[in-house]
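Colleague: One structure, as structure tokens, below. Some questions next.
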Amino acid sequence: MDEIVGFNKESEEFYIPLSFRGKETFKQSSGVILAGDIGGTKTNLALFHFEENTLKPIKKESFKTNDWSSFLELMATFHSKDLPVIDSICLGVAGPVIDGKVLGTNFSWELDEKKIANALKVERVSIINDMEANAYGLSVLAKKDLVEIKDGAWNRGNAAMISPGTGLGEVGLYWDGTHYHPFASEGGHCDFSQRTELDLRLWRFLQKKYGHVSWERIVSGPGIVNIYEFLLEDKKVAEPESLKNKLNGGDPAAAISKCAMDESFEICKEAMQLFNIYLATEAAQMALKFKALGGIFIGGGILPKIIDMVDKDLFLHHFIQSDKMNTLLEKIPVNVIMNDESPLFGAAFGAARNLPKK
């Protein structure tokens, strides 16, 4: 993390001309803020001093979410008595936020703005969807933070982000003609749509296993494992014992992707190719639903780790498969976000916006 990060930094290095309402008021604000990025696998917390449009890091730490029974229990460890009093908190949480409350989608925490404010004695507490925070984080990205996997010219219009990780996050960014306004969605839980006979067989395999087959069952870390297990059964191929041991101990999706890179087992390579295809398919559907001329951004923790094995031609082919709308999809750029602190910066954006004005 840079020592100082400006929210209104102007530079030719910045690639995406994204402007968010609220940035213009930051010069009038100062204080200590807590930003949180809370997901099913890990929780990242950062304490900043915010003044004159810049963030000065005070403390940053990452935790395994399931090692803690609640956010408040974790905070008792993170925010010690020797740290400054917090003026504003914004937490980006993986789950649907309603009336300032959220139950984690892939973890058991319940978070409530009012309860957190009372417990921590902080007047200004806001909880937003983690993907909404991720979208706000786009405002501080530089060109080096992005890898283009499909070219296209940025046009004034809506944008969207899809983030495969422990689950599948999706968010839209509405363009009002001057500023972007991120809005959360739970689109990752919509039904998987099939295009081919292979897709139908995959759907039947997952429907038998889960009942409801959402995009998250396929375009996520656990989704990679689902695709791999389907291919083993569909092709009636025996799994190597050496790989079986790796899958049973640790992160099976990471083991499959590493195997694909090493080309030590063809099924792993095919699983990652299908993951790429399904990511392209759902990204294109988001592009059409939101008319995302401002671009599609791919967040989450998976793509940055496997960026060298992303087949851009394969992605392009399956992204532009919408008949009458192919000419629209051809215009839309797709970029992978390589900066894993983007959601944390987005939450900091929200906390800074809520600071009292001078």
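In the structure tokens, each chain is lettered A, B, ... as it comes, each chain's residues begin at 1, and ligands are numbered from 1 in order of appearance.
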Show me, as a short mmCIF file (atom, residue, chain, number, x, y, z; two decimals) with all heavy atoms, in the first residue's frame, the residues that have an atom within 12 Å of Leu34 of chain A when counting only C-alpha atoms, minus same-chain residues fewer than 3 positions from it.

Modeller:
data_model
loop_
_atom_site.label_atom_id
_atom_site.label_comp_id
_atom_site.auth_asym_id
_atom_site.auth_seq_id
_atom_site.Cartn_x
_atom_site.Cartn_y
_atom_site.Cartn_z
N GLY A 31 -10.11 13.26 9.47
CA GLY A 31 -10.41 12.40 10.61
C GLY A 31 -9.76 11.03 10.46
O GLY A 31 -9.07 10.75 9.48
N ASP A 37 -12.95 -4.79 4.34
CA ASP A 37 -13.35 -5.63 3.20
C ASP A 37 -13.59 -7.02 3.78
O ASP A 37 -12.64 -7.73 4.10
CB ASP A 37 -12.26 -5.64 2.14
CG ASP A 37 -12.55 -6.61 1.00
OD1 ASP A 37 -13.73 -6.87 0.73
OD2 ASP A 37 -11.58 -7.11 0.38
N ASN A 44 -10.15 -8.02 5.51
CA ASN A 44 -9.06 -7.04 5.53
C ASN A 44 -9.55 -5.77 6.20
O ASN A 44 -10.61 -5.23 5.83
CB ASN A 44 -8.60 -6.71 4.10
CG ASN A 44 -7.98 -7.91 3.40
OD1 ASN A 44 -7.29 -8.71 4.04
ND2 ASN A 44 -8.20 -8.04 2.11
N LEU A 45 -8.81 -5.30 7.18
CA LEU A 45 -9.13 -4.06 7.88
C LEU A 45 -7.97 -3.09 7.77
O LEU A 45 -6.80 -3.50 7.80
CB LEU A 45 -9.43 -4.33 9.37
CG LEU A 45 -10.63 -5.22 9.70
CD1 LEU A 45 -10.74 -5.39 11.21
CD2 LEU A 45 -11.92 -4.64 9.14
N ALA A 46 -8.29 -1.81 7.63
CA ALA A 46 -7.24 -0.79 7.57
C ALA A 46 -7.72 0.47 8.29
O ALA A 46 -8.87 0.90 8.12
CB ALA A 46 -6.88 -0.47 6.13
N LEU A 47 -6.84 1.02 9.07
CA LEU A 47 -7.09 2.27 9.78
C LEU A 47 -6.26 3.35 9.11
O LEU A 47 -5.06 3.18 8.89
CB LEU A 47 -6.68 2.12 11.25
CG LEU A 47 -7.22 3.14 12.26
CD1 LEU A 47 -8.74 3.02 12.38
CD2 LEU A 47 -6.57 2.90 13.62
N PHE A 48 -6.92 4.47 8.74
CA PHE A 48 -6.25 5.55 8.04
C PHE A 48 -6.49 6.88 8.77
O PHE A 48 -7.54 7.07 9.40
CB PHE A 48 -6.80 5.74 6.62
CG PHE A 48 -6.64 4.56 5.72
CD1 PHE A 48 -7.70 3.68 5.51
CD2 PHE A 48 -5.46 4.34 5.02
CE1 PHE A 48 -7.57 2.60 4.64
CE2 PHE A 48 -5.33 3.27 4.15
CZ PHE A 48 -6.38 2.40 3.97
N HIS A 49 -5.56 7.79 8.59
CA HIS A 49 -5.83 9.18 8.89
C HIS A 49 -6.08 9.87 7.55
O HIS A 49 -5.27 9.78 6.63
CB HIS A 49 -4.66 9.85 9.60
CG HIS A 49 -4.95 11.27 9.99
ND1 HIS A 49 -4.56 12.35 9.25
CD2 HIS A 49 -5.66 11.78 11.05
CE1 HIS A 49 -4.98 13.46 9.81
NE2 HIS A 49 -5.65 13.15 10.90
N PHE A 50 -7.25 10.52 7.45
CA PHE A 50 -7.63 11.15 6.19
C PHE A 50 -7.61 12.67 6.35
O PHE A 50 -8.24 13.21 7.26
CB PHE A 50 -9.04 10.70 5.78
CG PHE A 50 -9.49 11.28 4.47
CD1 PHE A 50 -9.07 10.73 3.28
CD2 PHE A 50 -10.32 12.40 4.44
CE1 PHE A 50 -9.47 11.27 2.07
CE2 PHE A 50 -10.74 12.95 3.23
CZ PHE A 50 -10.30 12.38 2.04
N LEU A 55 -4.97 9.60 2.14
CA LEU A 55 -5.04 8.58 3.18
C LEU A 55 -3.64 8.28 3.68
O LEU A 55 -2.75 7.97 2.88
CB LEU A 55 -5.64 7.28 2.61
CG LEU A 55 -7.11 7.27 2.25
CD1 LEU A 55 -7.41 6.00 1.45
CD2 LEU A 55 -7.97 7.31 3.50
N LYS A 56 -3.45 8.37 4.99
CA LYS A 56 -2.18 7.96 5.59
C LYS A 56 -2.45 6.70 6.40
O LYS A 56 -3.18 6.74 7.39
CB LYS A 56 -1.64 9.05 6.50
CG LYS A 56 -0.61 9.95 5.87
CD LYS A 56 0.03 10.83 6.93
CE LYS A 56 1.08 11.73 6.28
NZ LYS A 56 1.65 12.68 7.27
N PRO A 57 -1.89 5.56 5.98
CA PRO A 57 -2.12 4.32 6.72
C PRO A 57 -1.60 4.38 8.15
O PRO A 57 -0.50 4.85 8.40
CB PRO A 57 -1.36 3.27 5.90
CG PRO A 57 -1.17 3.88 4.56
CD PRO A 57 -1.05 5.34 4.79
N ILE A 58 -2.42 3.90 9.07
CA ILE A 58 -2.03 3.78 10.48
C ILE A 58 -1.78 2.31 10.82
O ILE A 58 -0.77 1.96 11.42
CB ILE A 58 -3.12 4.36 11.40
CG1 ILE A 58 -3.34 5.84 11.11
CG2 ILE A 58 -2.76 4.14 12.88
CD1 ILE A 58 -4.55 6.43 11.81
N LYS A 59 -2.71 1.45 10.39
CA LYS A 59 -2.58 0.03 10.65
C LYS A 59 -3.39 -0.75 9.63
O LYS A 59 -4.49 -0.32 9.24
CB LYS A 59 -3.08 -0.30 12.07
CG LYS A 59 -2.99 -1.79 12.43
CD LYS A 59 -3.49 -2.05 13.85
CE LYS A 59 -3.37 -3.53 14.21
NZ LYS A 59 -3.85 -3.81 15.58
N LYS A 60 -2.87 -1.86 9.18
CA LYS A 60 -3.59 -2.72 8.25
C LYS A 60 -3.32 -4.17 8.62
O LYS A 60 -2.19 -4.54 8.93
CB LYS A 60 -3.15 -2.46 6.81
CG LYS A 60 -3.82 -3.36 5.78
CD LYS A 60 -3.36 -3.01 4.38
CE LYS A 60 -3.96 -3.95 3.35
NZ LYS A 60 -3.40 -5.31 3.43
N GLU A 61 -4.37 -5.00 8.58
CA GLU A 61 -4.20 -6.40 8.94
C GLU A 61 -5.24 -7.25 8.22
O GLU A 61 -6.34 -6.79 7.92
CB GLU A 61 -4.36 -6.56 10.46
CG GLU A 61 -3.75 -7.84 11.00
CD GLU A 61 -3.60 -7.83 12.52
OE1 GLU A 61 -3.76 -6.75 13.13
OE2 GLU A 61 -3.34 -8.90 13.09
N MET A 75 -12.69 -6.95 16.03
CA MET A 75 -12.30 -5.56 16.29
C MET A 75 -11.63 -5.40 17.65
O MET A 75 -10.76 -4.54 17.83
CB MET A 75 -13.52 -4.64 16.20
CG MET A 75 -13.82 -4.14 14.80
SD MET A 75 -12.47 -3.15 14.10
CE MET A 75 -12.56 -1.69 15.14
N PHE A 78 -8.14 -6.07 16.78
CA PHE A 78 -7.53 -5.15 15.81
C PHE A 78 -7.29 -3.75 16.39
O PHE A 78 -6.22 -3.17 16.23
CB PHE A 78 -8.41 -5.05 14.56
CG PHE A 78 -7.90 -4.07 13.54
CD1 PHE A 78 -6.86 -4.42 12.69
CD2 PHE A 78 -8.46 -2.79 13.43
CE1 PHE A 78 -6.38 -3.51 11.74
CE2 PHE A 78 -7.99 -1.89 12.49
CZ PHE A 78 -6.95 -2.25 11.65
N HIS A 79 -8.31 -3.18 17.04
CA HIS A 79 -8.23 -1.78 17.48
C HIS A 79 -7.85 -1.72 18.96
O HIS A 79 -8.71 -1.74 19.84
CB HIS A 79 -9.54 -1.05 17.22
CG HIS A 79 -9.44 0.43 17.39
ND1 HIS A 79 -9.96 1.09 18.47
CD2 HIS A 79 -8.85 1.38 16.61
CE1 HIS A 79 -9.71 2.38 18.35
NE2 HIS A 79 -9.04 2.59 17.22
N LEU A 83 -4.31 3.01 19.76
CA LEU A 83 -4.65 3.56 18.44
C LEU A 83 -5.62 4.73 18.61
O LEU A 83 -6.37 4.80 19.59
CB LEU A 83 -5.27 2.48 17.56
CG LEU A 83 -4.31 1.36 17.14
CD1 LEU A 83 -5.07 0.24 16.44
CD2 LEU A 83 -3.22 1.90 16.22
N PRO A 84 -5.63 5.66 17.65
CA PRO A 84 -6.51 6.82 17.76
C PRO A 84 -7.99 6.46 17.67
O PRO A 84 -8.36 5.42 17.13
CB PRO A 84 -6.10 7.70 16.57
CG PRO A 84 -5.44 6.76 15.61
CD PRO A 84 -4.79 5.71 16.44
N VAL A 85 -8.81 7.34 18.21
CA VAL A 85 -10.27 7.16 18.17
C VAL A 85 -10.76 7.24 16.73
O VAL A 85 -10.30 8.08 15.94
CB VAL A 85 -10.96 8.25 19.02
CG1 VAL A 85 -12.47 8.19 18.87
CG2 VAL A 85 -10.56 8.10 20.49
N ILE A 86 -11.68 6.37 16.37
CA ILE A 86 -12.19 6.30 15.00
C ILE A 86 -13.35 7.29 14.84
O ILE A 86 -14.27 7.35 15.66
CB ILE A 86 -12.68 4.87 14.67
CG1 ILE A 86 -11.52 3.89 14.79
CG2 ILE A 86 -13.28 4.81 13.27
CD1 ILE A 86 -11.94 2.43 14.74
N ASP A 87 -13.33 8.05 13.74
CA ASP A 87 -14.38 9.02 13.45
C ASP A 87 -15.44 8.47 12.49
O ASP A 87 -16.60 8.89 12.53
CB ASP A 87 -13.78 10.29 12.84
CG ASP A 87 -12.83 10.99 13.80
OD1 ASP A 87 -13.28 11.36 14.90
OD2 ASP A 87 -11.64 11.14 13.45
N SER A 88 -15.05 7.55 11.61
CA SER A 88 -15.97 7.04 10.60
C SER A 88 -15.57 5.63 10.19
O SER A 88 -14.37 5.34 10.06
CB SER A 88 -16.00 7.96 9.37
OG SER A 88 -16.85 7.46 8.37
N ILE A 89 -16.56 4.77 10.01
CA ILE A 89 -16.32 3.38 9.60
C ILE A 89 -17.15 3.07 8.36
O ILE A 89 -18.33 3.45 8.28
CB ILE A 89 -16.72 2.39 10.72
CG1 ILE A 89 -15.84 2.57 11.95
CG2 ILE A 89 -16.65 0.94 10.23
CD1 ILE A 89 -16.28 1.72 13.15
N CYS A 90 -16.55 2.40 7.41
CA CYS A 90 -17.30 1.84 6.28
C CYS A 90 -16.81 0.42 6.03
O CYS A 90 -15.61 0.19 5.88
CB CYS A 90 -17.14 2.68 5.02
SG CYS A 90 -18.12 2.05 3.62
N LEU A 91 -17.75 -0.52 6.02
CA LEU A 91 -17.43 -1.93 5.82
C LEU A 91 -18.08 -2.41 4.53
O LEU A 91 -19.29 -2.29 4.34
CB LEU A 91 -17.94 -2.76 7.00
CG LEU A 91 -17.49 -2.32 8.39
CD1 LEU A 91 -18.18 -3.17 9.46
CD2 LEU A 91 -15.97 -2.43 8.53
N GLY A 92 -17.28 -2.98 3.64
CA GLY A 92 -17.79 -3.65 2.46
C GLY A 92 -17.95 -5.13 2.79
O GLY A 92 -16.97 -5.80 3.10
N LEU A 120 -18.78 0.27 19.47
CA LEU A 120 -17.47 0.90 19.27
C LEU A 120 -17.47 2.39 19.59
O LEU A 120 -16.44 3.05 19.50
CB LEU A 120 -17.00 0.69 17.82
CG LEU A 120 -16.85 -0.77 17.38
CD1 LEU A 120 -16.37 -0.85 15.93
CD2 LEU A 120 -15.89 -1.53 18.29
N VAL A 122 -18.77 4.84 17.88
CA VAL A 122 -18.46 5.59 16.66
C VAL A 122 -19.78 6.05 16.06
O VAL A 122 -20.65 5.23 15.77
CB VAL A 122 -17.67 4.73 15.64
CG1 VAL A 122 -17.40 5.53 14.37
CG2 VAL A 122 -16.36 4.25 16.25
N ARG A 124 -20.49 7.51 13.12
CA ARG A 124 -20.70 7.33 11.68
C ARG A 124 -20.23 5.94 11.25
O ARG A 124 -19.03 5.70 11.10
CB ARG A 124 -19.96 8.43 10.90
CG ARG A 124 -20.47 9.82 11.21
CD ARG A 124 -19.55 10.90 10.67
NE ARG A 124 -20.05 12.22 11.02
CZ ARG A 124 -19.79 12.81 12.19
NH1 ARG A 124 -19.03 12.19 13.10
NH2 ARG A 124 -20.28 14.00 12.45
N VAL A 125 -21.19 5.05 11.04
CA VAL A 125 -20.90 3.68 10.60
C VAL A 125 -21.78 3.37 9.40
O VAL A 125 -23.00 3.58 9.45
CB VAL A 125 -21.17 2.65 11.71
CG1 VAL A 125 -20.96 1.23 11.19
CG2 VAL A 125 -20.28 2.91 12.92
N SER A 126 -21.19 2.90 8.34
CA SER A 126 -21.98 2.48 7.17
C SER A 126 -21.51 1.11 6.71
O SER A 126 -20.32 0.79 6.73
CB SER A 126 -21.86 3.49 6.02
OG SER A 126 -20.53 3.58 5.56
N ILE A 127 -22.49 0.29 6.32
CA ILE A 127 -22.22 -1.03 5.75
C ILE A 127 -22.72 -1.01 4.32
O ILE A 127 -23.87 -0.65 4.06
CB ILE A 127 -22.93 -2.14 6.55
CG1 ILE A 127 -22.39 -2.20 7.99
CG2 ILE A 127 -22.74 -3.49 5.88
CD1 ILE A 127 -23.14 -3.17 8.88
N LEU A 344 -10.77 -2.41 -0.41
CA LEU A 344 -10.45 -1.71 0.83
C LEU A 344 -10.42 -0.20 0.59
O LEU A 344 -10.93 0.58 1.40
CB LEU A 344 -9.11 -2.20 1.36
CG LEU A 344 -8.81 -1.98 2.84
CD1 LEU A 344 -9.87 -2.66 3.72
CD2 LEU A 344 -7.43 -2.52 3.18
N PHE A 345 -9.85 0.23 -0.53
CA PHE A 345 -9.84 1.64 -0.88
C PHE A 345 -11.27 2.14 -1.13
O PHE A 345 -11.60 3.29 -0.81
CB PHE A 345 -8.97 1.89 -2.12
CG PHE A 345 -7.50 1.80 -1.86
CD1 PHE A 345 -6.67 1.14 -2.74
CD2 PHE A 345 -6.94 2.37 -0.72
CE1 PHE A 345 -5.31 1.05 -2.51
CE2 PHE A 345 -5.57 2.29 -0.48
CZ PHE A 345 -4.75 1.63 -1.37
N GLY A 346 -12.10 1.27 -1.71
CA GLY A 346 -13.48 1.65 -1.93
C GLY A 346 -14.23 1.87 -0.63
O GLY A 346 -15.04 2.80 -0.50
N ALA A 347 -13.96 1.01 0.36
CA ALA A 347 -14.58 1.20 1.68
C ALA A 347 -14.04 2.46 2.34
O ALA A 347 -14.78 3.19 3.01
CB ALA A 347 -14.31 -0.02 2.56
N ALA A 348 -12.76 2.75 2.14
CA ALA A 348 -12.18 4.00 2.66
C ALA A 348 -12.86 5.20 2.03
O ALA A 348 -13.09 6.22 2.69
CB ALA A 348 -10.67 4.02 2.39
N PHE A 349 -13.18 5.10 0.75
CA PHE A 349 -13.93 6.15 0.05
C PHE A 349 -15.23 6.41 0.79
O PHE A 349 -15.60 7.56 1.07
CB PHE A 349 -14.21 5.68 -1.39
CG PHE A 349 -14.97 6.64 -2.26
CD1 PHE A 349 -14.32 7.34 -3.27
CD2 PHE A 349 -16.34 6.85 -2.09
CE1 PHE A 349 -15.02 8.23 -4.08
CE2 PHE A 349 -17.04 7.72 -2.90
CZ PHE A 349 -16.38 8.42 -3.90
N GLY A 350 -15.97 5.33 1.12
CA GLY A 350 -17.23 5.48 1.81
C GLY A 350 -17.07 6.09 3.19
O GLY A 350 -17.87 6.94 3.61
N ALA A 351 -16.03 5.68 3.93
CA ALA A 351 -15.80 6.22 5.27
C ALA A 351 -15.42 7.69 5.21
O ALA A 351 -15.88 8.50 6.02
CB ALA A 351 -14.73 5.41 5.98
N ALA A 352 -14.58 8.07 4.24
CA ALA A 352 -14.16 9.47 4.10
C ALA A 352 -15.34 10.36 3.71
O ALA A 352 -15.44 11.49 4.19
CB ALA A 352 -13.05 9.57 3.05
N ASN A 354 -18.27 10.11 4.66
CA ASN A 354 -19.16 10.32 5.80
C ASN A 354 -18.54 11.15 6.92
O ASN A 354 -19.18 11.42 7.94
CB ASN A 354 -19.58 8.95 6.39
CG ASN A 354 -20.47 8.18 5.44
OD1 ASN A 354 -21.15 8.76 4.61
ND2 ASN A 354 -20.43 6.86 5.53
N LEU A 355 -17.27 11.56 6.74
CA LEU A 355 -16.63 12.38 7.76
C LEU A 355 -17.31 13.75 7.87
O LEU A 355 -17.82 14.28 6.87
CB LEU A 355 -15.15 12.59 7.43
CG LEU A 355 -14.20 11.44 7.71
CD1 LEU A 355 -12.84 11.72 7.08
CD2 LEU A 355 -14.05 11.19 9.21
#

Colleague: Determine which residues of segment 205-257 of chain A DSSP labels as alpha helix (DSSP H) from the backbone of this structure, then write them out as a JSON list (two decimals) with N, CA and C atoms, in the first residue's frame.

Modeller:
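Listed below is the output, part_23.json:
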[["chain", "number", "residue", "atom", "x", "y", "z"],
["A", 205, "PHE", "N", -25.35, -32.33, -13.74],
["A", 205, "PHE", "CA", -24.44, -32.78, -12.69],
["A", 205, "PHE", "C", -24.59, -31.92, -11.43],
["A", 206, "LEU", "N", -24.63, -30.61, -11.62],
["A", 206, "LEU", "CA", -24.72, -29.69, -10.49],
["A", 206, "LEU", "C", -26.13, -29.65, -9.90],
["A", 207, "GLN", "N", -27.14, -29.81, -10.75],
["A", 207, "GLN", "CA", -28.52, -29.81, -10.24],
["A", 207, "GLN", "C", -28.75, -31.01, -9.32],
["A", 208, "LYS", "N", -28.14, -32.12, -9.67],
["A", 208, "LYS", "CA", -28.24, -33.32, -8.82],
["A", 208, "LYS", "C", -27.53, -33.08, -7.49],
["A", 209, "LYS", "N", -26.45, -32.31, -7.53],
["A", 209, "LYS", "CA", -25.64, -32.08, -6.34],
["A", 209, "LYS", "C", -26.22, -30.99, -5.44],
["A", 210, "TYR", "N", -26.74, -29.90, -6.06],
["A", 210, "TYR", "CA", -27.16, -28.73, -5.28],
["A", 210, "TYR", "C", -28.65, -28.40, -5.36],
["A", 221, "GLY", "N", -14.16, -19.89, -6.99],
["A", 221, "GLY", "CA", -13.18, -20.89, -6.58],
["A", 221, "GLY", "C", -13.80, -22.26, -6.43],
["A", 222, "PRO", "N", -14.89, -22.39, -5.62],
["A", 222, "PRO", "CA", -15.58, -23.67, -5.54],
["A", 222, "PRO", "C", -16.13, -24.13, -6.90],
["A", 223, "GLY", "N", -16.44, -23.15, -7.78],
["A", 223, "GLY", "CA", -16.93, -23.48, -9.11],
["A", 223, "GLY", "C", -15.89, -24.21, -9.95],
["A", 224, "ILE", "N", -14.62, -23.81, -9.80],
["A", 224, "ILE", "CA", -13.54, -24.50, -10.51],
["A", 224, "ILE", "C", -13.50, -25.96, -10.09],
["A", 225, "VAL", "N", -13.68, -26.20, -8.80],
["A", 225, "VAL", "CA", -13.71, -27.58, -8.29],
["A", 225, "VAL", "C", -14.91, -28.33, -8.85],
["A", 226, "ASN", "N", -16.06, -27.67, -8.91],
["A", 226, "ASN", "CA", -17.27, -28.30, -9.47],
["A", 226, "ASN", "C", -17.06, -28.70, -10.93],
["A", 227, "ILE", "N", -16.46, -27.81, -11.71],
["A", 227, "ILE", "CA", -16.21, -28.11, -13.13],
["A", 227, "ILE", "C", -15.25, -29.29, -13.25],
["A", 228, "TYR", "N", -14.22, -29.29, -12.44],
["A", 228, "TYR", "CA", -13.22, -30.37, -12.45],
["A", 228, "TYR", "C", -13.88, -31.71, -12.12],
["A", 229, "GLU", "N", -14.69, -31.74, -11.06],
["A", 229, "GLU", "CA", -15.34, -32.99, -10.67],
["A", 229, "GLU", "C", -16.32, -33.46, -11.73],
["A", 230, "PHE", "N", -16.99, -32.51, -12.38],
["A", 230, "PHE", "CA", -17.89, -32.87, -13.48],
["A", 230, "PHE", "C", -17.12, -33.53, -14.62],
["A", 231, "LEU", "N", -16.00, -32.95, -15.00],
["A", 231, "LEU", "CA", -15.22, -33.50, -16.12],
["A", 231, "LEU", "C", -14.69, -34.89, -15.81],
["A", 232, "LEU", "N", -14.30, -35.12, -14.56],
["A", 232, "LEU", "CA", -13.85, -36.46, -14.18],
["A", 232, "LEU", "C", -14.96, -37.49, -14.42],
["A", 233, "GLU", "N", -16.17, -37.14, -14.00],
["A", 233, "GLU", "CA", -17.30, -38.06, -14.16],
["A", 233, "GLU", "C", -17.73, -38.16, -15.61],
["A", 234, "ASP", "N", -17.80, -37.01, -16.28],
["A", 234, "ASP", "CA", -18.29, -36.98, -17.66],
["A", 234, "ASP", "C", -17.37, -37.73, -18.61],
["A", 235, "LYS", "N", -16.07, -37.62, -18.39],
["A", 235, "LYS", "CA", -15.09, -38.27, -19.27],
["A", 235, "LYS", "C", -14.64, -39.63, -18.74],
["A", 241, "GLU", "N", -3.35, -40.06, -8.07],
["A", 241, "GLU", "CA", -3.27, -40.08, -6.61],
["A", 241, "GLU", "C", -2.53, -38.85, -6.07],
["A", 242, "SER", "N", -1.49, -38.45, -6.79],
["A", 242, "SER", "CA", -0.71, -37.29, -6.33],
["A", 242, "SER", "C", -1.57, -36.02, -6.29],
["A", 243, "LEU", "N", -2.45, -35.87, -7.28],
["A", 243, "LEU", "CA", -3.33, -34.71, -7.33],
["A", 243, "LEU", "C", -4.43, -34.82, -6.28],
["A", 244, "LYS", "N", -4.91, -36.03, -6.08],
["A", 244, "LYS", "CA", -5.98, -36.24, -5.09],
["A", 244, "LYS", "C", -5.52, -35.78, -3.71],
["A", 245, "ASN", "N", -4.27, -36.07, -3.37],
["A", 245, "ASN", "CA", -3.73, -35.66, -2.07],
["A", 245, "ASN", "C", -3.68, -34.14, -1.95],
["A", 246, "LYS", "N", -3.31, -33.46, -3.04],
["A", 246, "LYS", "CA", -3.25, -32.00, -3.03],
["A", 246, "LYS", "C", -4.63, -31.39, -2.90],
["A", 247, "LEU", "N", -5.62, -32.01, -3.55],
["A", 247, "LEU", "CA", -6.98, -31.48, -3.51],
["A", 247, "LEU", "C", -7.59, -31.63, -2.12],
["A", 248, "ASN", "N", -7.16, -32.65, -1.41],
["A", 248, "ASN", "CA", -7.72, -32.90, -0.07],
["A", 248, "ASN", "C", -7.03, -32.08, 1.03],
["A", 252, "PRO", "N", -8.33, -26.54, -3.02],
["A", 252, "PRO", "CA", -8.42, -27.40, -4.20],
["A", 252, "PRO", "C", -8.46, -26.62, -5.52],
["A", 253, "ALA", "N", -9.09, -25.46, -5.53],
["A", 253, "ALA", "CA", -9.13, -24.66, -6.76],
["A", 253, "ALA", "C", -7.73, -24.22, -7.17],
["A", 254, "ALA", "N", -6.93, -23.82, -6.18],
["A", 254, "ALA", "CA", -5.55, -23.42, -6.47],
["A", 254, "ALA", "C", -4.74, -24.60, -6.98],
["A", 255, "ALA", "N", -4.98, -25.79, -6.41],
["A", 255, "ALA", "CA", -4.27, -26.99, -6.86],
["A", 255, "ALA", "C", -4.64, -27.33, -8.30],
["A", 256, "ILE", "N", -5.90, -27.15, -8.66],
["A", 256, "ILE", "CA", -6.35, -27.43, -10.03],
["A", 256, "ILE", "C", -5.73, -26.44, -11.00],
["A", 257, "SER", "N", -5.71, -25.17, -10.64],
["A", 257, "SER", "CA", -5.14, -24.16, -11.54],
["A", 257, "SER", "C", -3.63, -24.36, -11.70]]

Colleague: Skip Ile277 of chain A itself and residues of its chain fewer than 3 positions away, then list as a list in words all residues within 9 Å of it, counting only C-alpha atoms.

Modeller: Met272, Gln273, Leu274, Ala280, Thr281, Glu282, Leu314, Phe315, His317, His318 and Phe319 of chain A

Colleague: Those same residues - N, CA and C atoms - I'd like them written as a PDB file, in the first residue's frame.

Modeller:
ATOM      1  N   MET A 272     -10.022 -25.319 -16.360  1.00  0.00           N
ATOM      2  CA  MET A 272      -9.709 -23.888 -16.370  1.00  0.00           C
ATOM      3  C   MET A 272     -10.167 -23.231 -17.663  1.00  0.00           C
ATOM      4  N   GLN A 273     -10.130 -23.958 -18.749  1.00  0.00           N
ATOM      5  CA  GLN A 273     -10.650 -23.410 -20.004  1.00  0.00           C
ATOM      6  C   GLN A 273     -12.158 -23.180 -19.912  1.00  0.00           C
ATOM      7  N   LEU A 274     -12.872 -24.132 -19.313  1.00  0.00           N
ATOM      8  CA  LEU A 274     -14.313 -23.964 -19.139  1.00  0.00           C
ATOM      9  C   LEU A 274     -14.619 -22.815 -18.191  1.00  0.00           C
ATOM     10  N   ALA A 280     -16.500 -15.501 -19.365  1.00  0.00           N
ATOM     11  CA  ALA A 280     -16.770 -14.652 -20.531  1.00  0.00           C
ATOM     12  C   ALA A 280     -18.264 -14.575 -20.830  1.00  0.00           C
ATOM     13  N   THR A 281     -18.941 -15.706 -20.713  1.00  0.00           N
ATOM     14  CA  THR A 281     -20.379 -15.754 -21.001  1.00  0.00           C
ATOM     15  C   THR A 281     -21.173 -14.875 -20.048  1.00  0.00           C
ATOM     16  N   GLU A 282     -20.915 -15.010 -18.750  1.00  0.00           N
ATOM     17  CA  GLU A 282     -21.655 -14.213 -17.770  1.00  0.00           C
ATOM     18  C   GLU A 282     -21.234 -12.749 -17.820  1.00  0.00           C
ATOM     19  N   LEU A 314      -9.942 -17.140 -26.535  1.00  0.00           N
ATOM     20  CA  LEU A 314     -11.065 -17.960 -26.091  1.00  0.00           C
ATOM     21  C   LEU A 314     -12.099 -17.091 -25.366  1.00  0.00           C
ATOM     22  N   PHE A 315     -11.628 -16.191 -24.522  1.00  0.00           N
ATOM     23  CA  PHE A 315     -12.526 -15.277 -23.814  1.00  0.00           C
ATOM     24  C   PHE A 315     -13.288 -14.415 -24.824  1.00  0.00           C
ATOM     25  N   HIS A 317     -13.961 -14.942 -27.971  1.00  0.00           N
ATOM     26  CA  HIS A 317     -14.909 -15.725 -28.764  1.00  0.00           C
ATOM     27  C   HIS A 317     -16.210 -15.951 -28.010  1.00  0.00           C
ATOM     28  N   HIS A 318     -16.113 -16.254 -26.738  1.00  0.00           N
ATOM     29  CA  HIS A 318     -17.321 -16.570 -25.975  1.00  0.00           C
ATOM     30  C   HIS A 318     -17.984 -15.321 -25.385  1.00  0.00           C
ATOM     31  N   PHE A 319     -17.257 -14.215 -25.347  1.00  0.00           N
ATOM     32  CA  PHE A 319     -17.853 -12.947 -24.928  1.00  0.00           C
ATOM     33  C   PHE A 319     -18.768 -12.411 -26.027  1.00  0.00           C
TER      34      PHE A 319
END

Colleague: Residues at most 6 Å from segment 297-305 of chain A, counting only C-alpha atoms, excluding those fewer than 5 positions away in the same chain, as a list in words?

Modeller: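 Here the answer would be Met161, Ile162, Ser163, Pro164, Gly165, Val334, Asn335, Val336, Ile337 and Met338 of chain A.
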
Colleague: Counting only C-alpha atoms, what is within 10 Å of Phe63 of chain A, bar same-chain residues fewer than 3 positions away, as JSON, numbers by chain?

Modeller: {"A": [38, 41, 42, 43, 44, 45, 66, 67, 68, 74, 78]}
